[in-house]
Each structure stands twice: as structure tokens, then as C-alpha cells.
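Containing TSV, C-alpha atoms and all ligand atoms: target-v6.tsv.
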chain	number	residue	atom	x	y	z
A	1	MET	CA	-34.26	-85.84	31.68
A	2	LYS	CA	-34.88	-82.54	29.97
A	3	ILE	CA	-35.15	-82.66	26.27
A	4	LYS	CA	-35.49	-79.70	24.06
A	5	PHE	CA	-37.12	-79.68	20.71
A	6	THR	CA	-35.38	-76.86	19.07
A	7	LYS	CA	-33.53	-75.84	16.02
A	8	LEU	CA	-34.07	-79.20	14.45
A	9	LEU	CA	-37.44	-77.93	13.36
A	10	PRO	CA	-37.27	-77.16	9.67
A	11	LEU	CA	-38.02	-73.49	9.26
A	12	SER	CA	-41.15	-74.02	7.30
A	13	LEU	CA	-42.55	-76.09	10.10
A	14	THR	CA	-41.71	-74.01	13.10
A	15	PHE	CA	-44.27	-71.63	14.45
A	16	GLY	CA	-42.31	-68.92	12.85
A	17	LEU	CA	-43.55	-69.22	9.38
A	18	ILE	CA	-42.24	-66.83	6.93
A	19	LEU	CA	-43.77	-64.09	4.90
A	20	GLY	CA	-41.23	-62.86	2.44
A	21	SER	CA	-39.66	-59.73	3.73
A	22	CYS	CA	-41.78	-59.23	6.77
A	23	SER	CA	-40.54	-59.48	10.28
A	24	ASP	CA	-39.42	-63.04	9.90
A	25	GLU	CA	-41.14	-65.64	11.87
A	26	GLN	CA	-44.60	-64.75	12.89
A	27	ILE	CA	-47.78	-66.47	13.45
A	28	VAL	CA	-51.16	-65.22	14.30
A	29	GLN	CA	-52.79	-67.65	16.51
A	30	GLU	CA	-56.45	-67.68	17.31
A	31	ASP	CA	-56.47	-68.01	20.97
A	32	VAL	CA	-58.98	-68.64	23.55
A	33	LYS	CA	-57.57	-67.16	26.66
A	34	THR	CA	-58.95	-69.38	29.28
A	35	THR	CA	-58.19	-69.03	32.87
A	36	THR	CA	-59.20	-72.55	33.65
A	37	ALA	CA	-57.29	-74.25	36.32
A	38	VAL	CA	-56.21	-77.76	36.70
A	39	ARG	CA	-57.99	-79.37	39.56
A	40	ALA	CA	-56.06	-81.89	41.52
A	41	GLN	CA	-58.33	-84.23	43.32
A	42	THR	CA	-55.69	-86.06	45.16
A	43	SER	CA	-54.75	-84.84	48.61
A	44	GLN	CA	-51.69	-83.35	47.07
A	45	GLU	CA	-52.23	-80.38	44.77
A	46	LEU	CA	-50.37	-80.32	41.52
A	47	SER	CA	-48.17	-77.31	41.57
A	48	ILE	CA	-45.82	-77.87	38.68
A	49	GLU	CA	-46.30	-76.17	35.34
A	50	PRO	CA	-45.70	-78.59	32.53
A	51	THR	CA	-42.65	-77.56	30.61
A	52	SER	CA	-42.76	-78.57	27.01
A	53	ARG	CA	-39.73	-80.14	25.50
A	54	PHE	CA	-40.20	-77.93	22.52
A	55	ASP	CA	-38.25	-74.74	22.72
A	56	LEU	CA	-40.18	-72.64	20.29
A	57	ASP	CA	-39.76	-68.99	19.60
A	58	THR	CA	-42.81	-67.67	21.36
A	59	GLU	CA	-41.57	-64.08	21.26
A	60	ARG	CA	-42.88	-63.84	17.75
A	61	LEU	CA	-46.22	-65.39	18.34
A	62	ILE	CA	-49.29	-63.25	18.26
A	63	ASN	CA	-51.83	-65.26	20.12
A	64	ASP	CA	-55.54	-65.16	19.51
A	65	PHE	CA	-56.54	-68.49	20.97
A	66	ASP	CA	-54.46	-70.04	23.64
A	67	LEU	CA	-56.39	-72.86	25.13
A	68	LYS	CA	-53.94	-74.08	27.66
A	69	LEU	CA	-54.23	-76.09	30.77
A	70	LYS	CA	-52.81	-74.41	33.79
A	71	LEU	CA	-51.67	-76.12	36.88
A	72	SER	CA	-52.84	-73.80	39.55
A	73	GLU	CA	-55.31	-74.04	42.32
A	74	ALA	CA	-58.05	-71.72	41.31
A	75	VAL	CA	-59.69	-70.24	38.30
A	76	GLU	CA	-58.56	-66.67	38.12
A	77	PRO	CA	-61.34	-64.15	38.26
A	78	SER	CA	-61.97	-62.48	34.97
A	79	GLU	CA	-63.94	-59.42	34.02
A	80	CYS	CA	-65.05	-61.30	30.96
A	81	GLY	CA	-66.33	-64.33	32.74
A	82	PRO	CA	-67.82	-66.57	33.65
A	83	THR	CA	-69.28	-67.27	30.25
A	84	PRO	CA	-70.83	-70.45	28.87
A	85	PHE	CA	-67.52	-70.97	27.17
A	86	ASN	CA	-65.64	-70.88	30.46
A	87	GLU	CA	-68.00	-73.48	31.84
A	88	VAL	CA	-67.40	-75.81	28.92
A	89	ALA	CA	-63.66	-75.28	29.11
A	90	THR	CA	-63.63	-75.93	32.84
A	91	TYR	CA	-65.67	-79.08	32.35
A	92	TYR	CA	-63.22	-80.53	29.83
A	93	ASN	CA	-60.26	-79.26	31.79
A	94	ASN	CA	-61.41	-81.14	34.87
A	95	LEU	CA	-62.26	-84.29	32.93
A	96	LEU	CA	-58.76	-84.32	31.53
A	97	ILE	CA	-56.96	-83.61	34.76
A	98	ASP	CA	-59.02	-86.02	36.82
A	99	SER	CA	-58.37	-88.70	34.26
A	100	PHE	CA	-54.68	-87.85	34.18
A	101	ILE	CA	-54.42	-88.14	37.94
A	102	SER	CA	-56.34	-91.39	38.08
A	103	VAL	CA	-53.76	-93.17	35.97
A	104	TRP	CA	-50.70	-91.20	37.10
A	105	ASP	CA	-47.92	-92.83	39.09
A	106	GLY	CA	-46.54	-89.53	40.33
A	107	ASN	CA	-43.73	-89.28	37.80
A	108	PRO	CA	-43.34	-85.57	37.00
A	109	GLU	CA	-42.07	-86.44	33.51
A	110	ALA	CA	-45.62	-87.47	32.65
A	111	ILE	CA	-46.88	-83.93	33.28
A	112	ASP	CA	-44.38	-82.52	30.81
A	113	ILE	CA	-45.20	-85.12	28.18
A	114	ILE	CA	-48.95	-85.51	28.43
A	115	LEU	CA	-49.93	-82.01	29.52
A	116	GLY	CA	-47.10	-80.23	27.74
A	117	ASP	CA	-45.56	-81.91	24.73
A	118	TYR	CA	-48.81	-83.39	23.47
A	119	PHE	CA	-50.14	-79.92	22.71
A	120	VAL	CA	-47.03	-78.93	20.85
A	121	ILE	CA	-46.83	-82.22	18.96
A	122	ASN	CA	-50.38	-81.71	17.72
A	123	GLN	CA	-49.59	-78.14	16.74
A	124	ILE	CA	-46.62	-79.36	14.72
A	125	ALA	CA	-48.81	-82.09	13.24
A	126	ALA	CA	-51.33	-79.51	12.07
A	127	THR	CA	-48.72	-77.49	10.21
A	128	THR	CA	-47.03	-80.54	8.73
A	129	GLU	CA	-48.00	-82.38	5.61
A	130	ASN	CA	-49.73	-85.43	6.96
A	131	ASN	CA	-52.93	-87.12	6.05
A	132	ASN	CA	-54.66	-86.06	9.24
A	133	THR	CA	-54.76	-82.44	8.20
A	134	ASP	CA	-57.00	-82.87	5.17
A	135	TYR	CA	-60.31	-83.30	6.97
A	136	PHE	CA	-62.45	-81.26	9.34
A	137	GLY	CA	-64.42	-82.56	12.30
A	138	ALA	CA	-63.30	-85.70	14.13
A	139	ASN	CA	-64.99	-87.89	11.51
A	140	GLY	CA	-64.64	-85.56	8.56
A	141	GLU	CA	-68.22	-84.41	8.98
A	142	TYR	CA	-67.33	-80.81	8.12
A	143	THR	CA	-64.85	-81.52	5.33
A	144	ASN	CA	-67.17	-80.72	2.43
A	145	PHE	CA	-68.59	-77.75	4.24
A	146	MET	CA	-65.13	-76.33	4.84
A	147	LYS	CA	-64.05	-76.96	1.27
A	148	LYS	CA	-67.04	-74.97	0.11
A	149	ASN	CA	-66.14	-72.18	2.51
A	150	VAL	CA	-62.57	-72.10	1.29
A	151	ARG	CA	-63.71	-71.89	-2.34
A	152	SER	CA	-66.09	-69.08	-1.46
A	153	LEU	CA	-63.34	-67.11	0.30
A	154	GLU	CA	-60.91	-67.75	-2.56
A	155	LYS	CA	-63.37	-66.38	-5.04
A	156	PHE	CA	-64.53	-63.46	-2.95
A	157	TRP	CA	-61.02	-62.23	-2.18
A	158	GLU	CA	-59.48	-63.37	-5.47
A	159	MET	CA	-57.03	-65.66	-3.69
A	160	SER	CA	-57.26	-68.94	-5.55
A	161	ASN	CA	-54.91	-71.69	-4.38
A	162	LEU	CA	-52.97	-69.39	-2.11
A	163	ILE	CA	-53.98	-70.54	1.34
A	164	GLN	CA	-53.62	-73.98	2.85
A	165	VAL	CA	-56.34	-74.76	5.41
A	166	ASN	CA	-55.58	-77.67	7.74
A	167	GLY	CA	-57.66	-79.58	10.26
A	168	GLN	CA	-56.37	-80.66	13.66
A	169	HIS	CA	-57.63	-83.73	15.48
A	170	THR	CA	-57.07	-85.53	18.75
A	171	ALA	CA	-56.83	-88.82	16.81
A	172	THR	CA	-53.38	-87.76	15.60
A	173	LEU	CA	-52.11	-88.31	19.14
A	174	GLU	CA	-53.45	-91.84	19.21
A	175	ASP	CA	-50.73	-92.78	16.77
A	176	LEU	CA	-47.77	-93.64	18.98
A	177	ASP	CA	-45.52	-94.14	15.97
A	178	PHE	CA	-46.27	-90.60	14.91
A	179	ILE	CA	-45.50	-89.26	18.38
A	180	GLN	CA	-42.23	-91.16	18.36
A	181	TYR	CA	-41.45	-89.78	14.92
A	182	ILE	CA	-41.96	-86.21	16.14
A	183	TYR	CA	-39.59	-86.76	19.05
A	184	GLU	CA	-37.04	-88.35	16.75
A	185	VAL	CA	-37.15	-85.72	14.07
A	186	TYR	CA	-37.84	-82.56	16.01
A	187	SER	CA	-36.05	-83.04	19.31
A	188	ASP	CA	-32.64	-83.87	20.62
A	189	ALA	CA	-33.98	-86.70	22.75
A	190	THR	CA	-31.71	-89.71	22.84
A	191	PRO	CA	-33.05	-93.14	21.87
A	192	GLU	CA	-33.12	-93.97	25.58
A	193	ASP	CA	-35.12	-90.83	26.38
A	194	ILE	CA	-37.55	-91.67	23.62
A	195	GLU	CA	-38.00	-95.15	24.95
A	196	ASN	CA	-38.99	-93.71	28.34
A	197	ILE	CA	-41.24	-91.11	26.78
A	198	MET	CA	-43.01	-93.67	24.67
A	199	ALA	CA	-43.63	-95.93	27.65
A	200	ILE	CA	-45.34	-93.00	29.37
A	201	ALA	CA	-47.31	-92.06	26.24
A	202	GLU	CA	-48.48	-95.62	25.77
A	203	HIS	CA	-49.52	-95.93	29.41
A	204	PHE	CA	-51.68	-92.81	29.32
A	205	ASN	CA	-53.08	-93.45	25.85
A	206	SER	CA	-54.20	-96.95	26.80
A	207	ASN	CA	-55.46	-96.26	30.30
A	208	SER	CA	-57.19	-92.92	30.07
A	209	ASP	CA	-60.41	-92.27	28.19
A	210	GLN	CA	-59.47	-88.58	27.94
A	211	ILE	CA	-55.95	-88.95	26.59
A	212	PRO	CA	-55.81	-87.99	23.84
A	213	GLU	CA	-59.57	-87.82	23.19
A	214	ASN	CA	-60.17	-84.64	25.19
A	215	PRO	CA	-60.92	-81.66	22.90
A	216	PHE	CA	-58.19	-79.58	24.57
A	217	PHE	CA	-55.67	-81.55	22.53
A	218	ALA	CA	-57.10	-80.20	19.27
A	219	SER	CA	-57.96	-76.68	20.31
A	220	ASP	CA	-55.71	-74.67	18.06
A	221	GLY	CA	-56.86	-72.06	15.62
A	222	PHE	CA	-54.31	-69.89	13.93
A	223	ALA	CA	-52.95	-68.37	10.76
A	224	THR	CA	-49.28	-68.44	9.90
A	225	PHE	CA	-47.23	-66.20	7.69
A	226	ASP	CA	-46.50	-69.11	5.39
A	227	ARG	CA	-50.13	-69.05	4.24
A	228	THR	CA	-51.46	-71.80	6.42
A	229	ILE	CA	-54.60	-71.75	8.54
A	230	VAL	CA	-55.22	-74.39	11.19
A	231	ILE	CA	-58.58	-74.99	12.83
A	232	GLY	CA	-58.87	-77.75	15.43
A	233	ASP	CA	-61.98	-79.80	16.04
A	234	GLY	CA	-61.63	-79.07	19.74
A	235	ILE	CA	-62.08	-75.33	19.54
A	236	VAL	CA	-65.25	-75.84	17.54
A	237	THR	CA	-66.47	-78.41	20.10
A	238	PHE	CA	-65.96	-75.93	22.93
A	239	LEU	CA	-67.92	-73.22	21.13
A	240	GLU	CA	-70.63	-75.58	19.96
A	241	GLU	CA	-71.16	-76.88	23.47
A	242	ALA	CA	-71.28	-73.30	24.69
A	243	GLY	CA	-74.41	-72.99	22.55
A	244	LEU	CA	-73.26	-71.89	19.10
A	245	ASP	CA	-74.11	-73.34	15.70
A	246	PRO	CA	-71.00	-75.32	14.73
A	247	LYS	CA	-71.26	-74.33	11.08
A	248	VAL	CA	-71.28	-70.67	12.03
A	249	VAL	CA	-68.26	-71.33	14.23
A	250	TRP	CA	-66.28	-73.06	11.47
A	251	SER	CA	-67.13	-70.36	8.92
A	252	SER	CA	-66.44	-67.48	11.23
A	253	ILE	CA	-63.10	-68.72	12.54
A	254	LEU	CA	-62.07	-69.43	8.96
A	255	ALA	CA	-63.17	-65.98	7.75
A	256	HIS	CA	-61.29	-64.28	10.58
A	257	GLU	CA	-58.12	-66.30	9.92
A	258	TRP	CA	-58.50	-65.53	6.25
A	259	GLY	CA	-58.54	-61.87	7.24
A	260	HIS	CA	-55.09	-62.37	8.75
A	261	GLN	CA	-53.90	-64.01	5.54
A	262	ILE	CA	-55.06	-60.93	3.63
A	263	GLN	CA	-53.06	-58.78	6.04
A	264	PHE	CA	-50.00	-60.97	5.55
A	265	LEU	CA	-50.29	-60.75	1.77
A	266	ASN	CA	-50.43	-56.97	1.99
A	267	PHE	CA	-47.81	-56.68	4.69
A	268	GLY	CA	-45.39	-53.90	3.90
A	269	SER	CA	-47.71	-52.09	1.53
A	270	TRP	CA	-50.70	-51.45	3.73
A	271	GLU	CA	-50.35	-48.39	5.90
A	272	TYR	CA	-51.46	-48.42	9.50
A	273	PRO	CA	-51.53	-45.76	12.23
A	274	VAL	CA	-49.20	-47.95	14.33
A	275	PRO	CA	-46.86	-50.64	12.99
A	276	ALA	CA	-48.66	-53.92	12.34
A	277	PHE	CA	-47.61	-57.18	14.03
A	278	ASN	CA	-45.11	-55.75	16.44
A	279	ASN	CA	-46.47	-57.34	19.59
A	280	THR	CA	-47.74	-54.33	21.43
A	281	PRO	CA	-51.31	-54.20	22.77
A	282	GLU	CA	-52.19	-51.37	20.39
A	283	SER	CA	-50.74	-53.13	17.36
A	284	THR	CA	-52.37	-56.47	18.09
A	285	ARG	CA	-55.71	-54.86	18.84
A	286	MET	CA	-55.55	-53.01	15.53
A	287	THR	CA	-54.77	-56.06	13.39
A	288	GLU	CA	-57.30	-58.19	15.24
A	289	LEU	CA	-60.02	-55.57	14.85
A	290	GLU	CA	-59.20	-55.41	11.16
A	291	ALA	CA	-59.54	-59.19	10.86
A	292	ASP	CA	-62.94	-58.81	12.54
A	293	PHE	CA	-63.88	-56.02	10.14
A	294	ILE	CA	-62.88	-58.19	7.17
A	295	THR	CA	-64.89	-61.06	8.67
A	296	GLY	CA	-67.98	-58.88	9.06
A	297	TYR	CA	-67.65	-57.65	5.49
A	298	TYR	CA	-67.30	-61.11	3.96
A	299	LEU	CA	-69.83	-62.97	6.10
A	300	THR	CA	-72.64	-60.51	5.42
A	301	HIS	CA	-71.84	-59.58	1.84
A	302	LYS	CA	-74.36	-60.62	-0.81
A	303	ARG	CA	-71.65	-62.45	-2.69
A	304	GLY	CA	-69.91	-63.66	0.46
A	305	ALA	CA	-71.52	-65.87	3.09
A	306	THR	CA	-74.75	-63.78	3.05
A	307	TYR	CA	-75.21	-64.04	6.81
A	308	ASN	CA	-77.67	-61.73	8.43
A	309	TRP	CA	-76.18	-59.48	11.08
A	310	LYS	CA	-77.77	-61.41	13.92
A	311	ARG	CA	-75.88	-64.56	13.00
A	312	VAL	CA	-72.61	-62.72	12.87
A	313	GLU	CA	-73.34	-61.00	16.14
A	314	ASP	CA	-74.17	-64.26	17.88
A	315	PHE	CA	-70.93	-65.74	16.87
A	316	LEU	CA	-68.79	-62.72	17.48
A	317	SER	CA	-70.16	-61.91	20.88
A	318	ALA	CA	-69.33	-65.39	22.10
A	319	PHE	CA	-66.06	-65.62	20.22
A	320	TYR	CA	-64.87	-62.40	21.70
A	321	PHE	CA	-66.30	-62.92	25.10
A	322	ILE	CA	-64.01	-65.88	25.32
A	323	GLY	CA	-61.31	-63.65	24.28
A	324	ASP	CA	-59.63	-61.26	26.14
A	325	CYS	CA	-59.58	-59.10	29.16
A	326	GLY	CA	-55.85	-58.59	28.91
A	327	PHE	CA	-55.82	-54.91	28.31
A	328	GLU	CA	-52.15	-54.65	29.14
A	329	SER	CA	-51.21	-57.76	27.24
A	330	ASP	CA	-49.33	-57.68	23.97
A	331	GLY	CA	-51.85	-60.27	22.83
A	332	HIS	CA	-54.81	-58.01	23.54
A	333	HIS	CA	-57.41	-58.28	20.83
A	334	GLY	CA	-59.81	-55.58	21.82
A	335	THR	CA	-62.74	-55.61	24.17
A	336	PRO	CA	-65.85	-57.52	23.19
A	337	ALA	CA	-67.53	-54.18	22.41
A	338	GLN	CA	-64.70	-53.07	20.16
A	339	ARG	CA	-64.62	-56.40	18.35
A	340	LEU	CA	-68.34	-56.31	17.78
A	341	ALA	CA	-68.02	-52.73	16.58
A	342	ALA	CA	-65.33	-53.75	14.11
A	343	ALA	CA	-67.45	-56.56	12.69
A	344	LYS	CA	-70.47	-54.25	12.58
A	345	ALA	CA	-68.48	-51.67	10.66
A	346	GLY	CA	-67.54	-54.41	8.16
A	347	TYR	CA	-71.18	-55.36	7.92
A	348	ASN	CA	-72.12	-51.72	7.31
A	349	LEU	CA	-69.54	-51.51	4.56
A	350	ALA	CA	-71.06	-54.54	2.83
A	351	ASN	CA	-74.59	-53.24	3.20
A	352	ASN	CA	-74.21	-49.53	2.64
A	353	THR	CA	-72.39	-49.89	-0.62
A	354	LYS	CA	-74.71	-48.73	-3.37
A	355	LYS	CA	-74.12	-51.69	-5.64
A	356	LYS	CA	-74.56	-54.55	-3.21
A	357	GLY	CA	-73.18	-57.15	-5.57
A	358	HIS	CA	-69.94	-55.26	-5.95
A	359	ILE	CA	-66.97	-56.58	-4.03
A	360	LEU	CA	-64.46	-54.00	-2.88
A	361	SER	CA	-60.78	-54.71	-3.36
A	362	GLN	CA	-58.65	-55.75	-0.40
A	363	GLN	CA	-57.09	-52.30	-0.47
A	364	GLU	CA	-60.47	-50.57	-0.41
A	365	VAL	CA	-61.60	-52.70	2.51
A	366	HIS	CA	-58.38	-51.89	4.35
A	367	ASP	CA	-58.80	-48.16	3.68
A	368	ALA	CA	-62.38	-48.31	4.92
A	369	PHE	CA	-61.22	-50.01	8.09
A	370	ILE	CA	-58.50	-47.47	8.78
A	371	SER	CA	-60.94	-44.61	8.28
A	372	THR	CA	-63.32	-46.06	10.88
A	373	LEU	CA	-60.74	-47.42	13.35
A	374	ASP	CA	-61.16	-44.52	15.77
A	375	LEU	CA	-64.92	-44.97	15.84
A	376	ILE	CA	-64.51	-48.71	16.38
A	377	ILE	CA	-62.19	-48.12	19.31
A	378	GLU	CA	-64.66	-45.60	20.80
A	379	ASP	CA	-67.38	-48.18	20.18
A	380	SER	CA	-69.46	-45.63	18.31
A	381	ILE	CA	-70.34	-47.63	15.23
A	382	LEU	CA	-74.07	-47.41	14.61
B	1	ZN	ZN	-57.06	-63.05	14.98
What does the file become when written as C-alpha cells?
Amino acid sequence: MKIKFTKLLPLSLTFGLILGSCSDEQIVQEDVKTTTAVRAQTSQELSIEPTSRFDLDTERLINDFDLKLKLSEAVEPSECGPTPFNEVATYYNNLLIDSFISVWDGNPEAIDIILGDYFVINQIAATTENNNTDYFGANGEYTNFMKKNVRSLEKFWEMSNLIQVNGQHTATLEDLDFIQYIYEVYSDATPEDIENIMAIAEHFNSNSDQIPENPFFASDGFATFDRTIVIGDGIVTFLEEAGLDPKVVWSSILAHEWGHQIQFLNFGSWEYPVPAFNNTPESTRMTELEADFITGYYLTHKRGATYNWKRVEDFLSAFYFIGDCGFESDGHHGTPAQRLAAAKAGYNLANNTKKKGHILSQQEVHDAFISTLDLIIEDSIL
């Protein structure tokens, strides 16, 4: 039984969310590139990659955070790791997989559903109008804080009521009716298929204490061209447990994603040394470094979040350390040093301006970034 979730997705809900005349369907996704591996504790190693039933257009995704489980035998060595973040991710990865295996009857369909579709279903949920997207933190404990942050960003960048910011929660996947609804509406699964799928979902949801409670299931963070930002509780949990202040994490991810929204709004009119958002390492690195620059400017500005540099640095160094050693990858975001340099250059712009209370226009901030891009890449920002 192979079911594809495909073209049934309404355009506005697919990952390809549209920005007017730009290159159609694009998304910028905040991705944590983990190299965590799924640990099989049975005598038999799991060797099958889950294949999601959702056939989404990943060609046009620009990934920042991609917290995915991988079914392989070992954690791949990484120049960037191990970091505290990797340890946290591995811990939750193993909890989830061990729990999966302990209640698994060996049916390979379950891998596709629980370790594949569940992630996609929760990504769709986070970009869909539903009442689970209007709060932040598993119990709404960051809702007011995030609302304040959104208002501050709206004011600072003169972008009132333009951007929709959604929360993502593991609790969404506890709702079997909702899961069934997603299969019905967004896939070509037959009623019989759905009956089988739901029996599997119900079995795992009732018998595992990690499904769907594990933070991996709400670990998205991305900005879409249709002016939506999604931040999952799970990604904040990972970073918090790696030792960061959760409020700094929420604010910083939001400010970075907001930076992408500014780029989207100015897409087509802003000039860049290489074309923006065309999925090459150089292009992605450039737009990511600019989002970092914009983040550094806003977070440290006297009329922005007024962070001192140390706070920004703490967040960024961890955020980026997670990131990305994929120098050849079209999702490459820059080295940790380059990302820090970009944020530092944004900080310098906020602090070296003569009138500190003055907020530069989006265009002026962009121009300042472009004029320092070479120095950022050389990591020679002082
Ligand atoms: Zn980004």
C-alpha cells in the first residue's frame, strides 16, 4: 500500500507558498541539520528509510532546519559536532526509536506512517488554519511573549499585520480525527487504506509514551513565501535543553525568520551579487547570512529587542553550530564563523549609527549588508 499525498494539496497549503511574481513555490525552512541516527535495539537493525506518503515538491525548498530522523546505523561524523545540541537530539532520537520498536509488530507500513507521515502531517497542520497554531509552547506558556515579539518586529520594520506567525505542537498529532482528516483531504488514500493507517496510528499513539509526545514531531521552524512563519515547540526544547535561554531562542528564531520575510517582500527589487533563492550553496549562504545580519541589527537595536551583543552571540553560536557543515550543499547556510560575522555586522550597524534611536529602512539595511558581504564571508568583521 503506497499512498501519495500530492496535488490534492491546495496551493496555499503546500510547502510551495507563493510570493507574487517570484520563482513560484518556495519556502525557507529553518533547519537543524542533524546527523542523528536511529538506533535499533532489536537484534535486527532497521535499515529502511521511512518514505512519506506526501509527495511534496522538495526541489523548491530552501532548508534551514531539517530535524529528521534517519534510519541508519551510526551517527555520521561531523566537523561541527558533537555539540550539546547533537547530544540532546540524539537523546530524543533514541527515546523515540526505542519506544517505536518496543511497540512495533514489524509491519514496515508503521515506519512510513509514524516516522514519516507524522512529520509531514504536523508540517501541514502548522501552515493550515487550525486552532492549534495560535499558541506557543506546549501549554501556551510563550504565547504572550511571542505576541509581544511579533508586535515589536511589526513596528520596527513597519510591517503591521503582514506576517502570520504559527506555533507547532506535538499535541496536534494526538488528535486521531485530525490525522484522518489530513489523509482524507490531502492524499489519495482509499477509505480502506485510511482504515489501516488509523489502526496503526491509534496503536502507536496509545501504547507509546513518545508518540507523538517526542519533541522531534514539532521541530519545524521556517518561513514561507506566503508570509507565514512557523516555529515548533520542539526546536525550542532542543535548544533550551542544550543550555540556551528559551526566550532568547524564541526571539532569535523569530527575528531570523522575519528577516526572510523582509527578503520575500523585497524580492525582485533588491539587488544581490548572485541571484537570491536559486538553491545554490552561494545563493543560500548569501540569503541566510543576510537574515542573520537583519537579526543582529534588530535584536541589538535600541528600539528593537535591545539585546547586548553577548546574548546574541550566545544564541547565534549555538544556533549555527547546529547548522551546517554542508559546504557543498545547496542548503548551506554559511559556517558558524560567517554566521556570527553576519550577525556582528548587523550589530555594528545598529550601534555605530550616529543617532542610535534611528531605524534604517529595509533598503538601507540591505545595502549595508551587501556592502559588507565580502568581509562577512572572509570573517573579518571587527
Ligand atoms: Zn534562514
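Proximity ranking of A:Asn308, A:Gln362, A:Asn214, A:Asn278 relative to Ile97 in chain A places A:Asn214 first, based on only C-alpha atoms.
You will find CA of Gly140 in chain A at 25.9 Å from CA of Trp157 in chain A.
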Practice prompt. Would you kindly return, as number ranges by chain, each protein, DNA or RNA residue with an atom no farther than 10 Å from any atom of range 238-244 of chain A, considering only C-alpha atoms and excluding same-chain residues fewer than 5 positions away?
Written response: A: 83-89, 91-92, 215-216, 219, 233, 249-250, 311, 314-315, 318-319, 322
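By only C-alpha atoms, and with residues fewer than 4 positions from Ala110 in chain A along its chain excluded, the set lying at most 10 Å from it is Pro50, Phe100, Trp104, Asp105, Gly106, Ile114, Leu115, Gly116, Asp117, Ile197, Ile200, Ala201, His203 and Phe204 of chain A.
Candidate residues A:Gln180, A:Ser252, A:Thr90, A:Ser206 were compared for distance to ligand ZN 1 (chain B), and the nearest is A:Ser252, using only C-alpha atoms and all ligand atoms.
Note that the spacing between CA of Ser251 in chain A and CA of Thr295 in chain A amounts to 9.6 Å.
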Worksheet entry | Å distance separating CA of Thr372 in chain A from CA of Ala276 in chain A, one decimal place | 16.7 Å
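Using only C-alpha atoms, the shortest contact distance between Tyr135 in chain A and any of A:Gln168, A:Gln261, A:Ser160, A:Thr190 is found at A:Gln168.
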Starting from 4 Å padding per side, set up an axis-aligned box that covers all listed atoms of range 339-347 of chain A and hand over centre and edge lengths in Å, one decimal, as AutoDock Vina command-line options.
--center_x -67.9 --center_y -54.1 --center_z 13.1 --size_x 14.6 --size_y 12.9 --size_z 18.4
Worksheet item: What lies within 7 Å of range 255-260 of chain A using only C-alpha atoms, ignoring chain neighbours under 3 positions off, as a ChimeraX atom specification?
Response: /A:222-223,229,251-252,263-264,291-292,294-295
Hey, can you spit out that residue selection with C-alpha atoms as a compact mmCIF listing (two decimals), in the coordinates of the input?
# COMPACT_ATOMS: atom_id res chain seq x y z
CA PHE A 222 -54.31 -69.89 13.93
CA ALA A 223 -52.95 -68.37 10.76
CA ILE A 229 -54.60 -71.75 8.54
CA SER A 251 -67.13 -70.36 8.92
CA SER A 252 -66.44 -67.48 11.23
CA GLN A 263 -53.06 -58.78 6.04
CA PHE A 264 -50.00 -60.97 5.55
CA ALA A 291 -59.54 -59.19 10.86
CA ASP A 292 -62.94 -58.81 12.54
CA ILE A 294 -62.88 -58.19 7.17
CA THR A 295 -64.89 -61.06 8.67
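Comparing the minimum interatomic distances between ligand ZN 1 (chain B) and each of A:Asp175, A:Glu313, A:Glu288, A:Asp134, counting only C-alpha atoms and all ligand atoms, we find that A:Glu288 sits nearest.
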Item to complete: Would you mind telling me which residue in A:Ile235, A:Leu360, A:Val120, A:Ala342 lies nearest to Asp379 in chain A when using all atoms listed in the file?
Response: A:Ala342
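Minimum atom-to-atom distances from A:Tyr347, A:Tyr186, A:Phe136, A:Phe225 to Phe293 in chain A were compared using all atoms listed in the file, and the lowest value belongs to A:Tyr347.
The residue set within 12 Å of Asn130 in chain A, counting only C-alpha atoms and dropping same-chain residues fewer than 2 places from it, reads Asn122, Ile124, Ala125, Ala126, Thr127, Thr128, Asn132, Thr133, Asp134, Tyr135, Asn166, Gly167, Gln168, His169, Thr172 and Phe178 of chain A.
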Discussion item. List as a ChimeraX atom specification the protein and nucleic acid residues near Met198 in chain A, meaning an atom at most 12 Å away when all atoms listed in the file are counted, but skip any in the same chain fewer than 4 places from it.
Written reply: /A:109-110,113-114,118,173-184,189,191-194,202-206
